[in-house]
$ cat run01.pdb   # PDB, C-alpha atoms
MODEL        1
ATOM      1  CA  MET A 129     -13.361 -52.780  32.793
ATOM      2  CA  SER A 130     -13.063 -50.977  29.450
ATOM      3  CA  GLY A 131     -12.545 -47.682  31.291
ATOM      4  CA  GLY A 132      -9.640 -49.227  33.195
ATOM      5  CA  ARG A 133      -8.165 -50.523  30.034
ATOM      6  CA  ARG A 134      -8.308 -47.090  28.457
ATOM      7  CA  ARG A 135      -6.473 -45.709  31.479
ATOM      8  CA  VAL A 136      -3.715 -48.230  30.995
ATOM      9  CA  ARG A 137      -3.272 -47.283  27.375
ATOM     10  CA  TRP A 138      -3.067 -43.625  28.357
ATOM     11  CA  VAL A 139      -0.431 -44.343  30.991
ATOM     12  CA  LEU A 140       1.594 -46.224  28.401
ATOM     13  CA  LEU A 141       1.737 -43.103  26.288
ATOM     14  CA  LEU A 142       3.242 -41.012  29.101
ATOM     15  CA  PRO A 143       6.850 -42.243  28.814
ATOM     16  CA  CYS A 144       6.673 -41.835  25.052
ATOM     17  CA  ALA A 145       5.375 -38.287  25.472
ATOM     18  CA  ALA A 146       8.153 -37.447  27.945
ATOM     19  CA  LEU A 147      10.724 -38.859  25.542
ATOM     20  CA  ALA A 148       9.231 -36.798  22.730
ATOM     21  CA  VAL A 149       9.529 -33.619  24.817
ATOM     22  CA  MET A 150      13.213 -34.316  25.494
ATOM     23  CA  VAL A 151      13.928 -35.209  21.898
ATOM     24  CA  TYR A 152      12.276 -31.947  20.870
ATOM     25  CA  PHE A 153      14.382 -29.789  23.207
ATOM     26  CA  PHE A 154      17.626 -31.513  22.335
ATOM     27  CA  ALA A 155      16.816 -31.301  18.626
ATOM     28  CA  VAL A 156      16.247 -27.560  18.997
ATOM     29  CA  SER A 157      19.586 -27.243  20.823
ATOM     30  CA  LEU A 158      21.339 -29.118  18.024
ATOM     31  CA  GLY A 159      20.327 -26.415  15.583
ATOM     32  CA  ARG A 160      21.924 -23.690  17.691
ATOM     33  CA  ASP A 161      25.423 -22.508  16.850
ATOM     34  CA  PRO A 162      27.509 -23.692  19.827
ATOM     35  CA  SER A 163      30.174 -21.077  19.140
ATOM     36  CA  LEU A 164      27.708 -18.329  20.081
ATOM     37  CA  VAL A 165      27.902 -18.477  23.847
ATOM     38  CA  PRO A 166      25.373 -16.213  25.569
ATOM     39  CA  SER A 167      27.078 -13.715  27.839
ATOM     40  CA  PRO A 168      26.095 -13.814  31.510
ATOM     41  CA  LEU A 169      27.086 -10.137  31.607
ATOM     42  CA  ILE A 170      23.882  -9.047  29.883
ATOM     43  CA  GLY A 171      21.770  -7.053  32.330
ATOM     44  CA  ARG A 172      24.648  -6.522  34.737
ATOM     45  CA  ALA A 173      26.992  -3.610  35.335
ATOM     46  CA  ALA A 174      29.952  -3.363  32.976
ATOM     47  CA  PRO A 175      33.012  -5.017  34.577
ATOM     48  CA  GLU A 176      35.677  -2.715  35.984
ATOM     49  CA  PHE A 177      39.002  -2.363  34.255
ATOM     50  CA  SER A 178      42.021  -0.189  34.647
ATOM     51  CA  LEU A 179      44.430  -0.454  31.739
ATOM     52  CA  PRO A 180      47.110   1.561  29.971
ATOM     53  CA  GLU A 181      46.084   3.541  26.909
ATOM     54  CA  LEU A 182      47.484   2.315  23.629
ATOM     55  CA  LEU A 183      48.133   5.797  22.249
ATOM     56  CA  ASP A 184      49.355   7.184  25.563
ATOM     57  CA  PRO A 185      50.943   4.305  27.505
ATOM     58  CA  GLY A 186      51.713   6.547  30.456
ATOM     59  CA  SER A 187      48.082   7.106  31.362
ATOM     60  CA  VAL A 188      45.569   4.676  32.745
ATOM     61  CA  PHE A 189      42.110   4.283  31.290
ATOM     62  CA  SER A 190      39.331   2.870  33.437
ATOM     63  CA  LEU A 191      35.571   2.497  33.522
ATOM     64  CA  GLN A 192      35.234   5.809  35.391
ATOM     65  CA  ASP A 193      36.881   7.690  32.507
ATOM     66  CA  ILE A 194      34.069   6.830  30.136
ATOM     67  CA  GLU A 195      31.735   9.692  29.315
ATOM     68  CA  GLU A 196      28.128   9.584  30.376
ATOM     69  CA  GLY A 197      25.679   7.988  28.022
ATOM     70  CA  PRO A 198      25.674   4.713  26.137
ATOM     71  CA  TRP A 199      28.908   3.393  24.686
ATOM     72  CA  MET A 200      30.367   0.425  22.904
ATOM     73  CA  LEU A 201      33.433  -1.646  23.584
ATOM     74  CA  ASN A 202      35.065  -3.413  20.677
ATOM     75  CA  VAL A 203      37.541  -6.194  21.447
ATOM     76  CA  TRP A 204      40.160  -6.405  18.724
ATOM     77  CA  ALA A 205      43.716  -7.384  17.920
ATOM     78  CA  SER A 206      46.084  -6.984  14.999
ATOM     79  CA  TRP A 207      46.228 -10.784  14.584
ATOM     80  CA  CYS A 208      42.446 -11.043  14.319
ATOM     81  CA  SER A 209      41.143 -11.614  10.798
ATOM     82  CA  GLY A 210      37.519 -10.848  11.682
ATOM     83  CA  CYS A 211      38.659  -7.425  12.876
ATOM     84  CA  ILE A 212      39.755  -6.522   9.341
ATOM     85  CA  VAL A 213      36.324  -7.560   8.072
ATOM     86  CA  GLU A 214      34.478  -5.218  10.425
ATOM     87  CA  HIS A 215      36.966  -2.359  10.328
ATOM     88  CA  ASP A 216      35.359  -0.349   7.529
ATOM     89  CA  PHE A 217      32.049  -0.567   9.315
ATOM     90  CA  LEU A 218      33.594   0.594  12.605
ATOM     91  CA  MET A 219      35.199   3.543  10.814
ATOM     92  CA  ALA A 220      31.747   4.573   9.608
ATOM     93  CA  LEU A 221      30.332   4.318  13.138
ATOM     94  CA  GLY A 222      31.516   7.841  13.934
ATOM     95  CA  ARG A 223      28.097   9.094  12.823
ATOM     96  CA  VAL A 224      26.478   7.359  15.808
ATOM     97  CA  ASP A 225      26.149   9.313  19.037
ATOM     98  CA  ALA A 226      27.568   6.562  21.237
ATOM     99  CA  PRO A 227      31.366   6.487  21.379
ATOM    100  CA  LEU A 228      33.254   3.352  20.446
ATOM    101  CA  TYR A 229      36.046   2.325  22.784
ATOM    102  CA  GLY A 230      38.604  -0.297  21.915
ATOM    103  CA  LEU A 231      40.037  -3.114  23.973
ATOM    104  CA  ASN A 232      43.261  -4.210  22.337
ATOM    105  CA  TRP A 233      43.236  -7.823  23.452
ATOM    106  CA  LYS A 234      46.304 -10.046  23.753
ATOM    107  CA  ASP A 235      48.235  -8.056  21.220
ATOM    108  CA  ALA A 236      51.658  -6.471  20.926
ATOM    109  CA  PRO A 237      51.295  -2.662  21.157
ATOM    110  CA  ALA A 238      53.706  -2.148  18.245
ATOM    111  CA  ASP A 239      51.598  -4.418  16.012
ATOM    112  CA  ALA A 240      48.392  -2.725  17.162
ATOM    113  CA  LEU A 241      49.763   0.742  16.371
ATOM    114  CA  GLU A 242      50.933  -0.342  12.948
ATOM    115  CA  TRP A 243      47.512  -1.849  12.267
ATOM    116  CA  LEU A 244      45.792   1.425  13.181
ATOM    117  CA  GLN A 245      48.174   3.474  11.066
ATOM    118  CA  LEU A 246      47.418   1.276   8.092
ATOM    119  CA  ARG A 247      43.652   1.185   8.472
ATOM    120  CA  GLY A 248      42.630   4.169  10.566
ATOM    121  CA  ASN A 249      41.498   4.464  14.170
ATOM    122  CA  PRO A 250      37.757   4.187  14.810
ATOM    123  CA  TYR A 251      38.103   4.331  18.604
ATOM    124  CA  ARG A 252      37.678   7.165  21.105
ATOM    125  CA  VAL A 253      40.207   5.533  23.444
ATOM    126  CA  ILE A 254      41.941   2.164  23.253
ATOM    127  CA  ALA A 255      42.770   0.213  26.398
ATOM    128  CA  VAL A 256      45.599  -2.305  26.256
ATOM    129  CA  ASP A 257      44.805  -5.717  27.695
ATOM    130  CA  ALA A 258      48.091  -7.384  26.837
ATOM    131  CA  ASP A 259      47.745 -10.422  29.101
ATOM    132  CA  GLY A 260      44.006 -10.912  28.580
ATOM    133  CA  ARG A 261      43.092 -10.413  32.242
ATOM    134  CA  ALA A 262      40.433  -7.780  31.523
ATOM    135  CA  GLY A 263      39.197  -9.929  28.662
ATOM    136  CA  ILE A 264      38.433 -12.717  31.138
ATOM    137  CA  ASP A 265      36.421 -10.307  33.281
ATOM    138  CA  TRP A 266      34.392  -9.415  30.211
ATOM    139  CA  GLY A 267      33.939 -13.071  29.269
ATOM    140  CA  VAL A 268      35.784 -12.542  26.001
ATOM    141  CA  TYR A 269      36.592 -15.768  24.172
ATOM    142  CA  GLY A 270      37.520 -14.513  20.742
ATOM    143  CA  ALA A 271      38.008 -11.353  18.758
ATOM    144  CA  PRO A 272      36.202  -9.448  17.487
ATOM    145  CA  GLU A 273      33.511  -9.013  20.106
ATOM    146  CA  THR A 274      31.454  -5.870  20.590
ATOM    147  CA  PHE A 275      29.639  -4.950  23.786
ATOM    148  CA  LEU A 276      26.851  -2.417  24.046
ATOM    149  CA  ILE A 277      26.551  -0.594  27.361
ATOM    150  CA  ASP A 278      23.617   1.684  28.121
ATOM    151  CA  ALA A 279      23.620   5.067  29.842
ATOM    152  CA  LYS A 280      23.196   3.418  33.236
ATOM    153  CA  GLY A 281      26.347   1.370  32.733
ATOM    154  CA  ILE A 282      24.484  -1.892  32.165
ATOM    155  CA  VAL A 283      25.731  -4.320  29.516
ATOM    156  CA  ARG A 284      22.855  -4.749  27.085
ATOM    157  CA  HIS A 285      24.290  -6.836  24.302
ATOM    158  CA  ARG A 286      27.370  -8.718  23.243
ATOM    159  CA  HIS A 287      27.989  -9.427  19.591
ATOM    160  CA  VAL A 288      30.497 -12.132  18.691
ATOM    161  CA  GLY A 289      32.178 -11.851  15.310
ATOM    162  CA  PRO A 290      32.466  -8.960  12.869
ATOM    163  CA  LEU A 291      29.914  -6.222  13.464
ATOM    164  CA  ASP A 292      27.957  -5.133  10.421
ATOM    165  CA  GLU A 293      25.131  -2.850   9.398
ATOM    166  CA  ALA A 294      22.461  -5.556   9.787
ATOM    167  CA  VAL A 295      23.355  -6.452  13.377
ATOM    168  CA  PHE A 296      23.941  -2.850  14.274
ATOM    169  CA  SER A 297      20.605  -1.567  13.037
ATOM    170  CA  GLN A 298      18.635  -4.540  14.355
ATOM    171  CA  VAL A 299      20.197  -4.949  17.783
ATOM    172  CA  PHE A 300      22.368  -1.984  18.704
ATOM    173  CA  LEU A 301      20.336   0.943  17.376
ATOM    174  CA  PRO A 302      17.081   0.150  19.229
ATOM    175  CA  VAL A 303      18.967  -0.018  22.541
ATOM    176  CA  LEU A 304      20.900   3.175  21.776
ATOM    177  CA  GLU A 305      17.734   5.039  20.854
ATOM    178  CA  GLY A 306      15.953   3.763  23.945
ATOM    179  CA  SER A 307      18.913   4.789  26.058
ATOM    180  CA  MET A 308      18.951   8.349  24.684
ATOM    181  CA  GLN A 309      15.489   9.226  25.949
TER     182      GLN A 309
ATOM    183  CA  MET B  86      59.175 -61.783  19.360
ATOM    184  CA  LYS B  87      61.699 -59.107  18.554
ATOM    185  CA  GLY B  88      59.190 -57.380  16.346
ATOM    186  CA  PHE B  89      56.675 -57.432  19.166
ATOM    187  CA  LYS B  90      59.169 -55.904  21.582
ATOM    188  CA  ALA B  91      60.025 -53.191  19.105
ATOM    189  CA  ALA B  92      56.343 -52.443  18.616
ATOM    190  CA  THR B  93      55.715 -52.180  22.370
ATOM    191  CA  ALA B  94      58.717 -49.915  22.696
ATOM    192  CA  ALA B  95      57.404 -47.731  19.890
ATOM    193  CA  VAL B  96      53.943 -47.546  21.443
ATOM    194  CA  SER B  97      55.266 -46.671  24.892
ATOM    195  CA  LEU B  98      57.484 -44.022  23.320
ATOM    196  CA  MET B  99      54.455 -42.535  21.616
ATOM    197  CA  LEU B 100      52.525 -42.567  24.874
ATOM    198  CA  ALA B 101      55.412 -40.897  26.667
ATOM    199  CA  ALA B 102      55.550 -38.241  23.952
ATOM    200  CA  ALA B 103      51.819 -37.687  24.284
ATOM    201  CA  SER B 104      51.972 -37.178  28.027
ATOM    202  CA  ALA B 105      55.086 -35.023  27.705
ATOM    203  CA  SER B 106      53.132 -32.695  25.453
ATOM    204  CA  ALA B 107      50.552 -32.167  28.231
ATOM    205  CA  VAL B 108      50.059 -28.462  27.993
ATOM    206  CA  ASP B 109      50.314 -27.333  31.578
ATOM    207  CA  THR B 110      54.022 -27.085  32.217
ATOM    208  CA  GLU B 111      53.839 -25.003  35.389
ATOM    209  CA  ALA B 112      55.434 -26.259  38.586
ATOM    210  CA  PRO B 113      52.886 -27.795  40.975
ATOM    211  CA  LEU B 114      51.315 -25.503  43.543
ATOM    212  CA  ARG B 115      52.917 -25.501  46.936
ATOM    213  CA  SER B 116      50.147 -27.272  48.788
ATOM    214  CA  ALA B 117      49.136 -30.703  47.517
ATOM    215  CA  GLU B 118      45.524 -29.900  48.320
ATOM    216  CA  GLN B 119      45.600 -26.804  46.142
ATOM    217  CA  GLN B 120      47.373 -28.661  43.369
ATOM    218  CA  SER B 121      44.702 -31.361  43.289
ATOM    219  CA  LEU B 122      41.927 -28.739  43.266
ATOM    220  CA  TYR B 123      43.709 -26.952  40.427
ATOM    221  CA  ARG B 124      44.040 -30.210  38.471
ATOM    222  CA  LYS B 125      40.373 -31.034  39.096
ATOM    223  CA  LEU B 126      39.281 -27.610  37.828
ATOM    224  CA  LEU B 127      41.408 -27.950  34.694
ATOM    225  CA  GLU B 128      39.553 -31.171  33.898
ATOM    226  CA  GLU B 129      36.133 -29.623  34.447
ATOM    227  CA  VAL B 130      36.490 -26.235  32.806
ATOM    228  CA  ARG B 131      35.909 -25.905  29.112
ATOM    229  CA  CYS B 132      38.303 -24.120  26.839
ATOM    230  CA  MET B 133      36.023 -21.454  25.404
ATOM    231  CA  VAL B 134      37.827 -21.212  22.059
ATOM    232  CA  CYS B 135      38.303 -24.900  21.328
ATOM    233  CA  GLN B 136      35.004 -25.931  22.809
ATOM    234  CA  ASN B 137      35.456 -29.661  22.955
ATOM    235  CA  GLN B 138      38.614 -29.520  24.995
ATOM    236  CA  ASN B 139      39.046 -28.806  28.661
ATOM    237  CA  LEU B 140      41.659 -26.472  30.076
ATOM    238  CA  ALA B 141      43.931 -29.406  30.889
ATOM    239  CA  ASP B 142      44.182 -30.422  27.234
ATOM    240  CA  SER B 143      44.107 -27.151  25.381
ATOM    241  CA  ASP B 144      47.085 -25.126  24.284
ATOM    242  CA  ALA B 145      44.988 -22.215  22.997
ATOM    243  CA  PRO B 146      46.206 -18.814  24.219
ATOM    244  CA  LEU B 147      42.922 -18.155  26.029
ATOM    245  CA  ALA B 148      43.146 -21.520  27.803
ATOM    246  CA  LYS B 149      46.614 -20.524  28.941
ATOM    247  CA  ASP B 150      45.276 -17.246  30.323
ATOM    248  CA  MET B 151      42.475 -19.019  32.122
ATOM    249  CA  ARG B 152      44.843 -21.588  33.598
ATOM    250  CA  ARG B 153      46.998 -18.763  34.881
ATOM    251  CA  GLU B 154      43.955 -17.092  36.417
ATOM    252  CA  LEU B 155      42.668 -20.308  38.018
ATOM    253  CA  ARG B 156      46.140 -21.057  39.341
ATOM    254  CA  ARG B 157      46.388 -17.630  40.904
ATOM    255  CA  MET B 158      42.955 -17.947  42.507
ATOM    256  CA  VAL B 159      43.650 -21.413  43.892
ATOM    257  CA  ALA B 160      47.057 -20.317  45.176
ATOM    258  CA  GLU B 161      45.351 -17.427  46.952
ATOM    259  CA  GLY B 162      43.067 -19.867  48.713
ATOM    260  CA  ALA B 163      39.915 -19.760  46.573
ATOM    261  CA  SER B 164      37.577 -22.730  47.016
ATOM    262  CA  GLU B 165      36.158 -24.830  44.201
ATOM    263  CA  GLY B 166      32.889 -22.904  44.556
ATOM    264  CA  ASP B 167      34.657 -19.540  44.340
ATOM    265  CA  VAL B 168      36.404 -20.473  41.114
ATOM    266  CA  LYS B 169      33.261 -21.920  39.553
ATOM    267  CA  GLN B 170      31.260 -18.811  40.448
ATOM    268  CA  PHE B 171      34.033 -16.672  38.963
ATOM    269  CA  LEU B 172      33.692 -18.584  35.694
ATOM    270  CA  LEU B 173      29.891 -18.617  35.726
ATOM    271  CA  ASP B 174      29.810 -14.839  36.208
ATOM    272  CA  ARG B 175      31.982 -14.322  33.153
ATOM    273  CA  TYR B 176      31.370 -17.189  30.748
ATOM    274  CA  GLY B 177      28.110 -18.729  31.949
ATOM    275  CA  ASP B 178      27.161 -22.390  32.326
ATOM    276  CA  PHE B 179      28.962 -23.210  29.153
ATOM    277  CA  ALA B 180      32.339 -22.911  30.857
ATOM    278  CA  LEU B 181      31.685 -25.931  33.045
ATOM    279  CA  TYR B 182      31.627 -29.439  31.611
ATOM    280  CA  ARG B 183      29.378 -30.489  34.454
ATOM    281  CA  PRO B 184      26.550 -27.926  34.318
ATOM    282  CA  ARG B 185      25.024 -26.893  37.625
ATOM    283  CA  LEU B 186      21.387 -27.514  38.447
ATOM    284  CA  ALA B 187      19.501 -24.436  37.217
ATOM    285  CA  PRO B 188      16.117 -23.836  35.548
ATOM    286  CA  ASN B 189      17.626 -23.991  32.073
ATOM    287  CA  THR B 190      19.581 -27.164  32.784
ATOM    288  CA  LEU B 191      16.796 -28.897  34.709
ATOM    289  CA  LEU B 192      15.612 -30.968  31.760
ATOM    290  CA  LEU B 193      19.166 -32.144  31.193
ATOM    291  CA  TRP B 194      19.461 -33.363  34.760
ATOM    292  CA  ILE B 195      16.070 -34.880  35.511
ATOM    293  CA  GLY B 196      14.730 -35.649  32.016
ATOM    294  CA  PRO B 197      16.248 -39.139  31.639
ATOM    295  CA  GLY B 198      15.273 -40.054  35.224
ATOM    296  CA  VAL B 199      11.673 -38.951  34.666
ATOM    297  CA  ILE B 200      11.435 -41.025  31.510
ATOM    298  CA  VAL B 201      12.821 -44.129  33.224
ATOM    299  CA  ALA B 202      10.441 -43.635  36.183
ATOM    300  CA  LEU B 203       7.448 -43.209  33.884
ATOM    301  CA  ALA B 204       8.427 -46.241  31.828
ATOM    302  CA  LEU B 205       8.889 -48.409  34.944
ATOM    303  CA  GLY B 206       5.562 -47.189  36.330
ATOM    304  CA  ALA B 207       3.779 -48.003  33.103
ATOM    305  CA  LEU B 208       5.445 -51.406  32.989
ATOM    306  CA  ALA B 209       4.391 -52.170  36.569
ATOM    307  CA  LEU B 210       0.829 -51.162  35.795
ATOM    308  CA  VAL B 211       0.675 -53.389  32.744
ATOM    309  CA  ILE B 212       2.133 -56.344  34.639
ATOM    310  CA  ARG B 213      -0.326 -55.915  37.530
ATOM    311  CA  ARG B 214      -3.245 -55.794  35.137
ATOM    312  CA  ARG B 215      -2.090 -58.801  33.179
ATOM    313  CA  MET B 216      -1.685 -60.767  36.394
ATOM    314  CA  LYS B 217      -5.281 -60.051  37.321
ATOM    315  CA  MET B 218      -6.512 -61.320  33.964
ATOM    316  CA  PRO B 219      -8.053 -64.744  33.948
ATOM    317  CA  ILE B 220      -5.744 -67.367  32.592
ATOM    318  CA  PRO B 221      -7.234 -68.571  29.312
ATOM    319  CA  GLU B 222      -8.349 -72.176  29.612
ATOM    320  CA  GLU B 223      -6.597 -74.689  27.496
ATOM    321  CA  ASP B 224      -8.579 -76.773  25.117
TER     322      ASP B 224
ENDMDL
END
$ encode --input "run01.pdb" --output "structure tokens"
Amino acid sequence: MSGGRRRVRWVLLLPCAALAVMVYFFAVSLGRDPSLVPSPLIGRAAPEFSLPELLDPGSVFSLQDIEEGPWMLNVWASWCSGCIVEHDFLMALGRVDAPLYGLNWKDAPADALEWLQLRGNPYRVIAVDADGRAGIDWGVYGAPETFLIDAKGIVRHRHVGPLDEAVFSQVFLPVLEGSMQ
Amino acid sequence: MKGFKAATAAVSLMLAAASASAVDTEAPLRSAEQQSLYRKLLEEVRCMVCQNQNLADSDAPLAKDMRRELRRMVAEGASEGDVKQFLLDRYGDFALYRPRLAPNTLLLWIGPGVIVALALGALALVIRRRMKMPIPEED
């Protein structure tokens, strides 16, 4: 009889344990920053695009025009305050072997050009996504965002917000170095 | 009574203003079926910038772009599944207010049910056991 009774007590604990597990997972989720949405693009091929060039509006720039090897795509706009924050860092990125391409997102070309003249141009080529259509394909939901694409054309990382030395050396550099070999 | 009438008029005016400011000002799609699918999607898709609004309520520029894209897809005959897959491929589960059943959302879907089932089971067990107990004799 006492064995049976012990079994009952144990069964009573089960719902409490299940509740505890759920509370734990939801509590962990609460601590996460909801504005950092993980990109489903990670591990998949970089989305196609075919867009006019900002500095040469007559010509079209597409995925196929990108040189071999790893590269980065920075989503920016002249109206974007975070883009000013990261701009000095992007200008210094020239020392890295991987080229930085720009996606001028939902911006007026005249404003974008003025912005570059004022602050300098850190980009190899800038594609103009005036209506945000390419941005949707890349899952962009705010500027700045920076994507890291490896030599095989696979998206390896997406950073939301201004890029800085800490993120670059911790996340981008290891992938770039691995991709060089 | 007059005051009451004036108040009701004011409230209904406010309500009218609120619905007039509904953000989607596009003409309805040609087919009623497509229009209702489009409306349904707007309710269920999250605005990625203003995360606690859906596309139907948000006037953020990105929400506008996404409405335009959804509209185009629906007008071209895309099904509800096509549009949802399109969004999942680009923005992930987060884009949908009603997350699909996937390994990482499993707990969300079945967790509460499991807890209720376990609790009911435990309750039933306790009741059965108590019923088997001898009734204490009264003095």
$ atom_distance --input "run01.pdb" --atom1 "atom CA of Ala238 of chain A" --atom2 "atom CA of Ala220 of chain A"
24.5 Å
$ resolve_selection --input "run01.pdb" --expression "the ChimeraX specification (/A :<12) & /B" --output "ChimeraX atom specification"
/B:131-137,145-155,157,170-180,189-215,217-218
$ resolve_selection --input "run01.pdb" --expression "the PyMOL selection byres ((chain A and resi 197) around 12)" --output "MDAnalysis selection string"
chainID A and resid 194:196 198:200 225:228 276:282 303:309
$ residues_around --input "run01.pdb" --residues "Ser190 of chain A" --least-positions-apart "6" --cutoff "8 Å" --atoms "all atoms listed in the file" --output "MDAnalysis selection string"
chainID A and resid 176:179
$ atom_distance --input "run01.pdb" --atom1 "atom CA of Asp161 of chain A" --atom2 "atom CA of Glu214 of chain A"
20.5 Å
$ resolve_selection --input "run01.pdb" --expression "the PyMOL selection byres ((chain A and resi 290-301) around 8)" --output "PDB file with C-alpha atoms, keeping the file's coordinate frame"
ATOM      1  CA  GLY A 210      37.519 -10.848  11.682  1.00  0.00           C
ATOM      2  CA  CYS A 211      38.659  -7.425  12.876  1.00  0.00           C
ATOM      3  CA  VAL A 213      36.324  -7.560   8.072  1.00  0.00           C
ATOM      4  CA  GLU A 214      34.478  -5.218  10.425  1.00  0.00           C
ATOM      5  CA  PHE A 217      32.049  -0.567   9.315  1.00  0.00           C
ATOM      6  CA  LEU A 218      33.594   0.594  12.605  1.00  0.00           C
ATOM      7  CA  PRO A 272      36.202  -9.448  17.487  1.00  0.00           C
ATOM      8  CA  GLU A 273      33.511  -9.013  20.106  1.00  0.00           C
ATOM      9  CA  THR A 274      31.454  -5.870  20.590  1.00  0.00           C
ATOM     10  CA  LEU A 276      26.851  -2.417  24.046  1.00  0.00           C
ATOM     11  CA  HIS A 285      24.290  -6.836  24.302  1.00  0.00           C
ATOM     12  CA  HIS A 287      27.989  -9.427  19.591  1.00  0.00           C
ATOM     13  CA  VAL A 288      30.497 -12.132  18.691  1.00  0.00           C
ATOM     14  CA  GLY A 289      32.178 -11.851  15.310  1.00  0.00           C
ATOM     15  CA  PRO A 302      17.081   0.150  19.229  1.00  0.00           C
ATOM     16  CA  VAL A 303      18.967  -0.018  22.541  1.00  0.00           C
ATOM     17  CA  LEU A 304      20.900   3.175  21.776  1.00  0.00           C
ATOM     18  CA  GLU A 305      17.734   5.039  20.854  1.00  0.00           C
TER      19      GLU A 305
END
$ residues_around --input "run01.pdb" --residues "Val159 of chain B" --least-positions-apart "6" --cutoff "12 Å" --atoms "all atoms listed in the file" --output "PyMOL selection string"
chain B and resi 113-127+152-153+165-169+171
$ atom_distance --input "run01.pdb" --atom1 "atom CA of Arg247 of chain A" --atom2 "atom CA of Leu221 of chain A"
14.5 Å
$ closest_residue --input "run01.pdb" --among "A:Phe189, A:Trp233, A:Phe275, A:Trp204" --to "Pro250 of chain A" --atoms "only C-alpha atoms"
A:Trp204
$ axis_aligned_box --input "run01.pdb" --around "segment 246-250 of chain A" --padding-each-side "8 Å" --output "AutoDock Vina command-line options"
--center_x 42.6 --center_y 2.8 --center_z 11.5 --size_x 25.7 --size_y 19.3 --size_z 22.7
